[in-house]
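Visitor: I'm passing along my_file-v3.cif; it holds mmCIF, C-alpha atoms.
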data_target
loop_
_atom_site.group_PDB
_atom_site.id
_atom_site.type_symbol
_atom_site.label_atom_id
_atom_site.label_comp_id
_atom_site.auth_asym_id
_atom_site.auth_seq_id
_atom_site.Cartn_x
_atom_site.Cartn_y
_atom_site.Cartn_z
ATOM 1 C CA MET A 1 -26.875 -1.026 -8.896
ATOM 2 C CA ASP A 2 -24.882 -2.014 -5.807
ATOM 3 C CA TRP A 3 -21.933 0.362 -5.549
ATOM 4 C CA TYR A 4 -20.616 -1.129 -2.325
ATOM 5 C CA PRO A 5 -17.638 -2.911 -3.998
ATOM 6 C CA LEU A 6 -16.456 0.432 -5.401
ATOM 7 C CA ILE A 7 -16.869 2.305 -2.112
ATOM 8 C CA ASN A 8 -15.224 -0.482 -0.151
ATOM 9 C CA SER A 9 -12.312 -0.814 -2.573
ATOM 10 C CA LEU A 10 -11.647 2.934 -2.573
ATOM 11 C CA ARG A 11 -11.677 3.268 1.215
ATOM 12 C CA ILE A 12 -9.490 0.185 1.667
ATOM 13 C CA ALA A 13 -7.017 1.427 -0.939
ATOM 14 C CA ALA A 14 -6.994 4.979 0.448
ATOM 15 C CA ILE A 15 -6.500 4.002 4.098
ATOM 16 C CA SER A 16 -3.881 1.372 3.334
ATOM 17 C CA CYS A 17 -2.084 3.816 1.018
ATOM 18 C CA VAL A 18 -1.829 6.372 3.826
ATOM 19 C CA MET A 19 -0.487 3.690 6.137
ATOM 20 C CA VAL A 20 2.187 2.425 3.749
ATOM 21 C CA PHE A 21 3.099 6.003 2.783
ATOM 22 C CA PHE A 22 4.348 6.819 6.267
ATOM 23 C CA ALA A 23 5.547 3.295 7.086
ATOM 24 C CA GLY A 24 7.392 3.001 3.770
ATOM 25 C CA ILE A 25 9.070 6.390 4.102
ATOM 26 C CA PHE A 26 10.082 5.667 7.688
ATOM 27 C CA ALA A 27 11.537 2.252 6.820
ATOM 28 C CA ALA A 28 13.232 3.490 3.639
ATOM 29 C CA TYR A 29 14.847 6.462 5.361
ATOM 30 C CA TYR A 30 16.391 4.458 8.185
ATOM 31 C CA VAL A 31 17.243 1.322 6.202
ATOM 32 C CA ALA A 32 19.079 3.421 3.588
ATOM 33 C CA ARG A 33 21.419 4.657 6.340
ATOM 34 C CA LEU A 34 22.296 1.199 7.687
ATOM 35 C CA PRO A 35 25.424 -0.841 6.851
ATOM 36 C CA ARG A 36 25.217 -2.903 3.683
ATOM 37 C CA ALA A 37 24.941 -6.299 5.414
ATOM 38 C CA ILE A 38 22.094 -5.255 7.709
ATOM 39 C CA LYS A 39 20.403 -3.433 4.847
ATOM 40 C CA GLY A 40 20.462 -6.597 2.732
ATOM 41 C CA ILE A 41 18.836 -8.690 5.457
ATOM 42 C CA LEU A 42 16.097 -6.126 6.102
ATOM 43 C CA ASP A 43 15.519 -5.720 2.362
ATOM 44 C CA VAL A 44 14.726 -9.416 2.044
ATOM 45 C CA PHE A 45 12.265 -9.276 4.912
ATOM 46 C CA LEU A 46 10.555 -6.025 3.908
ATOM 47 C CA THR A 47 10.179 -6.848 0.209
ATOM 48 C CA LEU A 48 9.220 -10.515 0.591
ATOM 49 C CA PRO A 49 5.462 -9.828 0.119
ATOM 50 C CA MET A 50 6.287 -8.391 -3.313
ATOM 51 C CA VAL A 51 7.611 -11.713 -4.634
ATOM 52 C CA LEU A 52 5.396 -14.119 -2.708
ATOM 53 C CA PRO A 53 2.058 -15.111 -4.282
ATOM 54 C CA PRO A 54 -0.710 -12.978 -2.738
ATOM 55 C CA THR A 55 -2.516 -16.105 -1.575
ATOM 56 C CA VAL A 56 0.584 -17.085 0.407
ATOM 57 C CA CYS A 57 0.583 -13.670 2.079
ATOM 58 C CA GLY A 58 -3.094 -14.163 2.877
ATOM 59 C CA TYR A 59 -2.378 -17.589 4.297
ATOM 60 C CA PHE A 60 0.269 -16.207 6.647
ATOM 61 C CA LEU A 61 -2.117 -13.451 7.739
ATOM 62 C CA LEU A 62 -4.728 -16.115 8.482
ATOM 63 C CA LEU A 63 -2.177 -17.999 10.563
ATOM 64 C CA ILE A 64 -1.619 -14.849 12.609
ATOM 65 C CA PHE A 65 -5.024 -13.160 12.723
ATOM 66 C CA GLY A 66 -7.403 -16.088 12.160
ATOM 67 C CA LEU A 67 -10.234 -16.376 14.656
ATOM 68 C CA LYS A 68 -8.870 -19.705 15.910
ATOM 69 C CA ARG A 69 -5.318 -18.409 16.349
ATOM 70 C CA PRO A 70 -4.011 -17.072 19.683
ATOM 71 C CA LEU A 71 -3.552 -13.490 18.483
ATOM 72 C CA GLY A 72 -6.832 -13.533 16.598
ATOM 73 C CA MET A 73 -8.717 -14.789 19.656
ATOM 74 C CA LEU A 74 -7.028 -12.193 21.863
ATOM 75 C CA LEU A 75 -7.928 -9.346 19.511
ATOM 76 C CA SER A 76 -11.510 -10.580 19.181
ATOM 77 C CA GLN A 77 -11.916 -10.229 22.939
ATOM 78 C CA TRP A 78 -11.167 -6.530 22.464
ATOM 79 C CA GLY A 79 -13.642 -6.266 19.596
ATOM 80 C CA ILE A 80 -10.951 -6.326 16.886
ATOM 81 C CA GLN A 81 -11.409 -8.872 14.107
ATOM 82 C CA PHE A 82 -9.516 -8.843 10.825
ATOM 83 C CA ALA A 83 -10.927 -12.070 9.379
ATOM 84 C CA MET A 84 -14.144 -11.592 7.414
ATOM 85 C CA THR A 85 -14.305 -7.817 8.011
ATOM 86 C CA TRP A 86 -13.805 -4.990 5.551
ATOM 87 C CA TYR A 87 -10.997 -3.446 7.570
ATOM 88 C CA GLY A 88 -9.170 -6.748 7.332
ATOM 89 C CA GLY A 89 -8.792 -5.744 3.699
ATOM 90 C CA ILE A 90 -6.800 -2.722 4.853
ATOM 91 C CA LEU A 91 -4.331 -5.074 6.513
ATOM 92 C CA THR A 92 -3.929 -7.302 3.461
ATOM 93 C CA SER A 93 -3.652 -4.354 1.057
ATOM 94 C CA ALA A 94 -1.072 -2.654 3.268
ATOM 95 C CA VAL A 95 1.038 -5.807 3.444
ATOM 96 C CA VAL A 96 1.176 -6.353 -0.328
ATOM 97 C CA ALA A 97 1.525 -2.639 -1.198
ATOM 98 C CA PHE A 98 4.200 -1.780 1.365
ATOM 99 C CA PRO A 99 7.187 -3.196 -0.611
ATOM 100 C CA LEU A 100 6.382 -0.980 -3.601
ATOM 101 C CA MET A 101 6.369 2.155 -1.458
ATOM 102 C CA TYR A 102 9.433 1.079 0.461
ATOM 103 C CA ARG A 103 11.599 0.230 -2.558
ATOM 104 C CA THR A 104 10.802 3.359 -4.541
ATOM 105 C CA ALA A 105 11.221 5.610 -1.497
ATOM 106 C CA ARG A 106 14.510 3.963 -0.574
ATOM 107 C CA GLY A 107 15.819 4.444 -4.096
ATOM 108 C CA ALA A 108 14.843 8.111 -3.942
ATOM 109 C CA PHE A 109 16.558 8.612 -0.581
ATOM 110 C CA GLU A 110 19.728 6.861 -1.734
ATOM 111 C CA SER A 111 19.959 9.167 -4.767
ATOM 112 C CA PHE A 112 19.530 12.273 -2.578
ATOM 113 C CA ASP A 113 22.519 14.643 -2.489
ATOM 114 C CA VAL A 114 23.475 14.499 1.185
ATOM 115 C CA THR A 115 25.494 17.709 0.876
ATOM 116 C CA LEU A 116 22.167 19.541 0.907
ATOM 117 C CA ALA A 117 21.414 18.048 4.321
ATOM 118 C CA TYR A 118 24.895 18.909 5.573
ATOM 119 C CA ALA A 119 24.426 22.474 4.393
ATOM 120 C CA GLY A 120 21.172 22.693 6.316
ATOM 121 C CA GLN A 121 22.876 21.392 9.452
ATOM 122 C CA THR A 122 25.582 24.034 9.215
ATOM 123 C CA LEU A 123 22.789 26.628 9.173
ATOM 124 C CA GLY A 124 21.437 25.235 12.422
ATOM 125 C CA LEU A 125 18.359 23.572 10.907
ATOM 126 C CA SER A 126 16.897 20.621 12.776
ATOM 127 C CA ASN A 127 16.919 17.143 11.262
ATOM 128 C CA THR A 128 13.109 17.188 11.197
ATOM 129 C CA TYR A 129 13.062 20.446 9.247
ATOM 130 C CA ILE A 130 15.721 19.167 6.849
ATOM 131 C CA PHE A 131 13.794 15.953 6.256
ATOM 132 C CA TRP A 132 10.410 17.532 5.461
ATOM 133 C CA ASN A 133 11.584 20.726 3.755
ATOM 134 C CA ILE A 134 14.752 19.651 1.939
ATOM 135 C CA ARG A 135 14.972 15.873 1.598
ATOM 136 C CA MET A 136 11.312 15.160 0.870
ATOM 137 C CA PRO A 137 10.894 17.868 -1.832
ATOM 138 C CA ALA A 138 14.086 16.675 -3.512
ATOM 139 C CA CYS A 139 12.809 13.083 -3.508
ATOM 140 C CA ARG A 140 9.205 13.913 -4.401
ATOM 141 C CA GLN A 141 9.250 12.125 -7.767
ATOM 142 C CA GLY A 142 10.209 8.797 -6.211
ATOM 143 C CA ILE A 143 7.826 9.317 -3.300
ATOM 144 C CA LEU A 144 4.987 10.168 -5.681
ATOM 145 C CA ALA A 145 5.706 7.119 -7.837
ATOM 146 C CA GLY A 146 5.742 4.853 -4.796
ATOM 147 C CA THR A 147 2.477 6.289 -3.496
ATOM 148 C CA VAL A 148 0.713 5.768 -6.812
ATOM 149 C CA LEU A 149 2.027 2.228 -7.177
ATOM 150 C CA ALA A 150 0.947 1.430 -3.627
ATOM 151 C CA PHE A 151 -2.554 2.811 -4.213
ATOM 152 C CA ALA A 152 -2.948 0.945 -7.502
ATOM 153 C CA ARG A 153 -1.695 -2.283 -5.940
ATOM 154 C CA ALA A 154 -4.068 -1.919 -2.991
ATOM 155 C CA LEU A 155 -6.990 -1.139 -5.285
ATOM 156 C CA GLY A 156 -6.439 -4.240 -7.394
ATOM 157 C CA GLU A 157 -5.545 -6.625 -4.566
ATOM 158 C CA TYR A 158 -7.354 -9.952 -4.740
ATOM 159 C CA GLY A 159 -5.382 -12.969 -3.529
ATOM 160 C CA ALA A 160 -4.561 -12.029 0.066
ATOM 161 C CA THR A 161 -7.876 -10.214 0.414
ATOM 162 C CA SER A 162 -9.935 -13.217 -0.641
ATOM 163 C CA MET A 163 -8.002 -15.398 1.799
ATOM 164 C CA LEU A 164 -8.498 -13.181 4.857
ATOM 165 C CA ILE A 165 -11.846 -11.414 4.355
ATOM 166 C CA GLY A 166 -13.495 -13.531 1.677
ATOM 167 C CA TYR A 167 -16.493 -12.260 -0.251
ATOM 168 C CA ILE A 168 -19.573 -11.112 1.631
ATOM 169 C CA PRO A 169 -21.878 -8.816 -0.387
ATOM 170 C CA GLY A 170 -22.407 -5.518 1.360
ATOM 171 C CA LYS A 171 -19.741 -6.291 3.955
ATOM 172 C CA THR A 172 -16.364 -7.332 2.552
ATOM 173 C CA ALA A 173 -16.914 -7.274 -1.224
ATOM 174 C CA THR A 174 -14.283 -5.406 -3.255
ATOM 175 C CA ILE A 175 -14.055 -4.793 -6.976
ATOM 176 C CA SER A 176 -11.591 -7.648 -7.470
ATOM 177 C CA THR A 177 -13.516 -10.210 -5.447
ATOM 178 C CA THR A 178 -16.767 -9.107 -7.081
ATOM 179 C CA VAL A 179 -15.289 -9.648 -10.549
ATOM 180 C CA TYR A 180 -14.337 -13.192 -9.626
ATOM 181 C CA GLN A 181 -17.692 -14.000 -8.034
ATOM 182 C CA LEU A 182 -19.650 -12.612 -10.987
ATOM 183 C CA TRP A 183 -17.485 -14.519 -13.448
ATOM 184 C CA ARG A 184 -17.852 -17.692 -11.380
ATOM 185 C CA THR A 185 -21.640 -17.362 -11.567
ATOM 186 C CA ASN A 186 -21.524 -16.774 -15.358
ATOM 187 C CA ASP A 187 -22.463 -13.083 -15.042
ATOM 188 C CA GLU A 188 -19.913 -11.939 -17.592
ATOM 189 C CA ALA A 189 -21.631 -8.607 -18.206
ATOM 190 C CA GLY A 190 -21.452 -7.721 -14.512
ATOM 191 C CA ALA A 191 -17.833 -8.849 -14.287
ATOM 192 C CA LEU A 192 -16.905 -6.788 -17.347
ATOM 193 C CA PHE A 193 -18.587 -3.718 -15.837
ATOM 194 C CA TRP A 194 -16.431 -3.874 -12.705
ATOM 195 C CA VAL A 195 -13.326 -4.557 -14.767
ATOM 196 C CA LEU A 196 -14.009 -1.364 -16.722
ATOM 197 C CA VAL A 197 -14.604 0.559 -13.493
ATOM 198 C CA ASN A 198 -11.241 -0.578 -12.153
ATOM 199 C CA MET A 199 -9.521 0.313 -15.407
ATOM 200 C CA ALA A 200 -11.144 3.757 -15.396
ATOM 201 C CA ILE A 201 -9.957 4.507 -11.857
ATOM 202 C CA SER A 202 -6.424 3.333 -12.645
ATOM 203 C CA THR A 203 -6.344 5.440 -15.808
ATOM 204 C CA VAL A 204 -7.446 8.559 -13.927
ATOM 205 C CA VAL A 205 -4.788 7.996 -11.260
ATOM 206 C CA LEU A 206 -2.048 7.611 -13.887
ATOM 207 C CA LEU A 207 -3.220 10.715 -15.758
ATOM 208 C CA ILE A 208 -3.083 12.755 -12.549
ATOM 209 C CA VAL A 209 0.443 11.519 -11.854
ATOM 210 C CA ASN A 210 1.557 12.408 -15.390
ATOM 211 C CA MET A 211 0.073 15.878 -14.994
ATOM 212 C CA LEU A 212 1.901 16.384 -11.705
ATOM 213 C CA GLU A 213 5.170 15.194 -13.224
ATOM 214 C CA CYS A 214 4.776 17.568 -16.159
ATOM 215 C CA ARG A 215 4.026 20.443 -13.789
ATOM 216 C CA ASN A 216 7.038 19.629 -11.637
ATOM 217 C CA GLY A 217 9.202 19.363 -14.740
ATOM 218 C CA LYS A 218 8.115 22.793 -15.947
ATOM 219 C CA ALA A 219 8.657 24.268 -12.501
ATOM 220 C CA GLY A 220 12.157 22.814 -12.347
ATOM 221 C CA ALA A 221 13.010 24.084 -15.835
ATOM 222 C CA SER A 222 11.886 27.609 -14.964
#
Would you mind writing the structure in this file as structure tokens?
Guide:
Amino acid sequence: MDWYPLINSLRIAAISCVMVFFAGIFAAYYVARLPRAIKGILDVFLTLPMVLPPTVCGYFLLLIFGLKRPLGMLLSQWGIQFAMTWYGGILTSAVVAFPLMYRTARGAFESFDVTLAYAGQTLGLSNTYIFWNIRMPACRQGILAGTVLAFARALGEYGATSMLIGYIPGKTATISTTVYQLWRTNDEAGALFWVLVNMAISTVVLLIVNMLECRNGKAGAS
């Protein structure tokens, strides 16, 4: 049994999830503090990958990072190639998962009681300390939800991934692309196996999140 699609999917999802976690929190925190007009413009730009078809996102990434494009050729001279490489999947997964992290984190930050931050400032606490020790714990439910959604979206990504990195067994294959290739070659049993694997991983992730939410709820009640 070739377990490469599982290993590749998990590492792509994990790395891209870490990337969008910090990028989404950073963008959400600063965008939430901007004037309404500027916030609306940035919202459209930052959440566009969420409403565009994944294949369209992949097409735009090919236009930018394709081997025959200026940026793609420049990066290839430095040994960096996103097209037809497994780490190109990190790029595509991060692009499509980022809006989920950004929107949920921004909603959490906007619902934060700013008087808690003001109280910390009157005590002489730094903005960095207030952010990580007051704001983030208060917004942990939204941050946790965004992280899980981003991971699940990255794990199940197919459209943009197939456009940029394709399907190369043992090199770029992911669970989603493997399901399609097996189905296309009439290997329905193999396709069903990987579908069940994906469902099992997603179920475990959701169960862990529910357990954390229940634990946080009990801690808050006590």
Visitor: Find the residues near stretch 14-25 of chain A: any atom within 7 Å, counting only C-alpha atoms, skip ones fewer than 5 places away on the same chain, and give them as a list in words.
Guide: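 Counting only the stated atoms, we get Ile90, Ser93, Ala94, Phe98, Met101, Tyr102, Ala105, Thr147, Ala150 and Phe151 of chain A.
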Visitor: Apply the PyMOL selection byres ((chain A and resi 6) around 10) to the displayed file and report the matching residues as a list of chain:residue names.
Guide: A:Asp2, A:Trp3, A:Tyr4, A:Pro5, A:Ile7, A:Asn8, A:Ser9, A:Leu10, A:Arg11, A:Ile12, A:Leu155, A:Ala173, A:Thr174, A:Ile175, A:Ser176, A:Thr178, A:Trp194, A:Val197, A:Asn198
Visitor: Where does the PyMOL selection byres ((chain A and resi 48) around 12) land in this file, that is, which residues does it pick, as a list in words?
Guide: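 Selected by the PyMOL selection byres ((chain A and resi 48) around 12) in this file: Ile41, Leu42, Asp43, Val44, Phe45, Leu46, Thr47, Pro49, Met50, Val51, Leu52, Pro53, Pro54, Val56, Cys57, Val95, Val96, Ala97, Phe98, Pro99, Leu100, Tyr102 and Arg103 of chain A.
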Visitor: Counting only C-alpha atoms, figure out which residue out of A:Arg135, A:Arg153, A:Arg69, A:Arg106 gets nearest to A:Ala119.
Guide: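 Using only C-alpha atoms, the shortest distance to A:Ala119 belongs to A:Arg135.
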Visitor: Which residues are close to A:Ile64, i.e. within 12 Å by only C-alpha atoms, leaving aside same-chain residues fewer than 4 positions away? Reply as a PDB file with C-alpha atoms, in the coordinates of the input.
Guide:
ATOM      1  CA  CYS A  57       0.583 -13.670   2.079  1.00  0.00           C
ATOM      2  CA  GLY A  58      -3.094 -14.163   2.877  1.00  0.00           C
ATOM      3  CA  TYR A  59      -2.378 -17.589   4.297  1.00  0.00           C
ATOM      4  CA  PHE A  60       0.269 -16.207   6.647  1.00  0.00           C
ATOM      5  CA  LYS A  68      -8.870 -19.705  15.910  1.00  0.00           C
ATOM      6  CA  ARG A  69      -5.318 -18.409  16.349  1.00  0.00           C
ATOM      7  CA  PRO A  70      -4.011 -17.072  19.683  1.00  0.00           C
ATOM      8  CA  LEU A  71      -3.552 -13.490  18.483  1.00  0.00           C
ATOM      9  CA  GLY A  72      -6.832 -13.533  16.598  1.00  0.00           C
ATOM     10  CA  MET A  73      -8.717 -14.789  19.656  1.00  0.00           C
ATOM     11  CA  LEU A  74      -7.028 -12.193  21.863  1.00  0.00           C
ATOM     12  CA  LEU A  75      -7.928  -9.346  19.511  1.00  0.00           C
ATOM     13  CA  GLN A  81     -11.409  -8.872  14.107  1.00  0.00           C
ATOM     14  CA  PHE A  82      -9.516  -8.843  10.825  1.00  0.00           C
ATOM     15  CA  ALA A  83     -10.927 -12.070   9.379  1.00  0.00           C
ATOM     16  CA  LEU A  91      -4.331  -5.074   6.513  1.00  0.00           C
ATOM     17  CA  LEU A 164      -8.498 -13.181   4.857  1.00  0.00           C
TER      18      LEU A 164
END
Visitor: Please identify all polymer residues within 12 Å of A:Pro137, counting only C-alpha atoms, omitting same-chain residues fewer than 4 positions from it, and present them as a PyMOL selection string.
Guide: chain A and resi 108-109+112+116+129-133+141-144+216+220
Visitor: Enter the distance from atom CA of A:Gln121 to atom CA of A:Gly107, in Å, rounded to one decimal.
Guide: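 About the pair atom CA of A:Gln121 and atom CA of A:Gly107: they are 22.8 Å apart.
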Visitor: Find the residue from A:Met84, A:Met1, A:Ala13, A:Ile168 that sits nearest to A:Phe193; use all atoms listed in the file when measuring.
Guide: A:Met1
Visitor: Smallest atom-to-atom distance to A:Pro169: which of A:Thr85, A:Gly156, A:Gly146, A:Phe65, using all atoms listed in the file?
Guide: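 Comparing A:Thr85, A:Gly156, A:Gly146, A:Phe65 against A:Pro169, the winner is A:Thr85.
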Visitor: Measuring atom to atom with all atoms listed in the file, identify which of A:Asp187, A:Glu110, A:Ile80, A:Leu61 is nearest to A:Ala32.
Guide: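 Closest residue, counting all atoms listed in the file: A:Glu110.
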Visitor: Provide the atom CA of A:Trp86 to atom CA of A:Ile201 distance in Å, to one decimal place.
Guide: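 One can read the atom CA of A:Trp86 to atom CA of A:Ile201 distance as 20.2 Å.
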Visitor: My list of candidates is A:Leu206, A:Ala27, A:Leu123, A:Leu149. Which is closest to A:Lys39 when distances are computed with all atoms listed in the file?
Guide: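 Closest to A:Lys39, using all atoms listed in the file: A:Ala27.
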Visitor: Interatomic distance between atom CA of A:Thr55 and atom CA of A:Glu157?
Guide: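 Answer for the atom CA of A:Thr55 to atom CA of A:Glu157 separation: 10.4 Å.
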Visitor: Under the rule that only C-alpha atoms are counted, which of A:Ala200, A:Trp78, A:Met211, A:Leu34 is the nearest residue to A:Ala152?
Guide: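 Among the listed residues, the smallest separation from A:Ala152 belongs to A:Ala200.
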Visitor: With all heavy atoms as the target, complete stretch 195-205 of chain A and hand it back as a compact mmCIF listing (two decimals), in the frame of the given file.
Guide:
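Saved as selection_36.txt:
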# COMPACT_ATOMS: atom_id res chain seq x y z
N VAL A 195 -14.66 -4.64 -14.18
CA VAL A 195 -13.33 -4.56 -14.77
C VAL A 195 -13.11 -3.18 -15.39
O VAL A 195 -12.05 -2.55 -15.22
CB VAL A 195 -13.14 -5.66 -15.83
CG1 VAL A 195 -11.88 -5.39 -16.66
CG2 VAL A 195 -13.04 -7.02 -15.16
N LEU A 196 -14.11 -2.68 -16.10
CA LEU A 196 -14.01 -1.36 -16.72
C LEU A 196 -13.94 -0.25 -15.68
O LEU A 196 -13.23 0.73 -15.86
CB LEU A 196 -15.19 -1.14 -17.66
CG LEU A 196 -15.26 -2.06 -18.90
CD1 LEU A 196 -16.54 -1.79 -19.69
CD2 LEU A 196 -14.03 -1.86 -19.77
N VAL A 197 -14.67 -0.42 -14.58
CA VAL A 197 -14.60 0.56 -13.49
C VAL A 197 -13.20 0.63 -12.92
O VAL A 197 -12.64 1.71 -12.71
CB VAL A 197 -15.62 0.21 -12.38
CG1 VAL A 197 -15.37 1.06 -11.13
CG2 VAL A 197 -17.04 0.43 -12.88
N ASN A 198 -12.60 -0.53 -12.68
CA ASN A 198 -11.24 -0.58 -12.15
C ASN A 198 -10.25 0.04 -13.12
O ASN A 198 -9.35 0.80 -12.71
CB ASN A 198 -10.85 -2.03 -11.86
CG ASN A 198 -9.73 -2.12 -10.83
OD1 ASN A 198 -8.99 -1.18 -10.62
ND2 ASN A 198 -9.61 -3.27 -10.22
N MET A 199 -10.41 -0.26 -14.40
CA MET A 199 -9.52 0.31 -15.41
C MET A 199 -9.67 1.83 -15.48
O MET A 199 -8.69 2.56 -15.64
CB MET A 199 -9.81 -0.32 -16.77
CG MET A 199 -9.41 -1.78 -16.88
SD MET A 199 -9.81 -2.49 -18.51
CE MET A 199 -8.80 -1.46 -19.57
N ALA A 200 -10.91 2.32 -15.34
CA ALA A 200 -11.14 3.76 -15.40
C ALA A 200 -10.47 4.47 -14.22
O ALA A 200 -9.83 5.52 -14.40
CB ALA A 200 -12.64 4.04 -15.39
N ILE A 201 -10.58 3.90 -13.03
CA ILE A 201 -9.96 4.51 -11.86
C ILE A 201 -8.44 4.52 -12.02
O ILE A 201 -7.78 5.54 -11.75
CB ILE A 201 -10.35 3.75 -10.58
CG1 ILE A 201 -11.86 3.86 -10.34
CG2 ILE A 201 -9.58 4.29 -9.37
CD1 ILE A 201 -12.35 3.01 -9.19
N SER A 202 -7.87 3.43 -12.46
CA SER A 202 -6.42 3.33 -12.64
C SER A 202 -5.94 4.32 -13.69
O SER A 202 -4.88 4.95 -13.53
CB SER A 202 -6.03 1.91 -13.05
OG SER A 202 -6.43 0.98 -12.06
N THR A 203 -6.71 4.49 -14.76
CA THR A 203 -6.34 5.44 -15.81
C THR A 203 -6.35 6.87 -15.28
O THR A 203 -5.43 7.66 -15.56
CB THR A 203 -7.31 5.32 -17.00
OG1 THR A 203 -7.27 3.99 -17.52
CG2 THR A 203 -6.93 6.31 -18.10
N VAL A 204 -7.37 7.21 -14.50
CA VAL A 204 -7.45 8.56 -13.93
C VAL A 204 -6.26 8.83 -13.00
O VAL A 204 -5.65 9.90 -13.04
CB VAL A 204 -8.78 8.75 -13.17
CG1 VAL A 204 -8.77 10.05 -12.37
CG2 VAL A 204 -9.94 8.73 -14.14
N VAL A 205 -5.92 7.83 -12.18
CA VAL A 205 -4.79 8.00 -11.26
C VAL A 205 -3.50 8.23 -12.04
O VAL A 205 -2.71 9.13 -11.71
CB VAL A 205 -4.66 6.76 -10.36
CG1 VAL A 205 -3.35 6.80 -9.56
CG2 VAL A 205 -5.84 6.67 -9.40
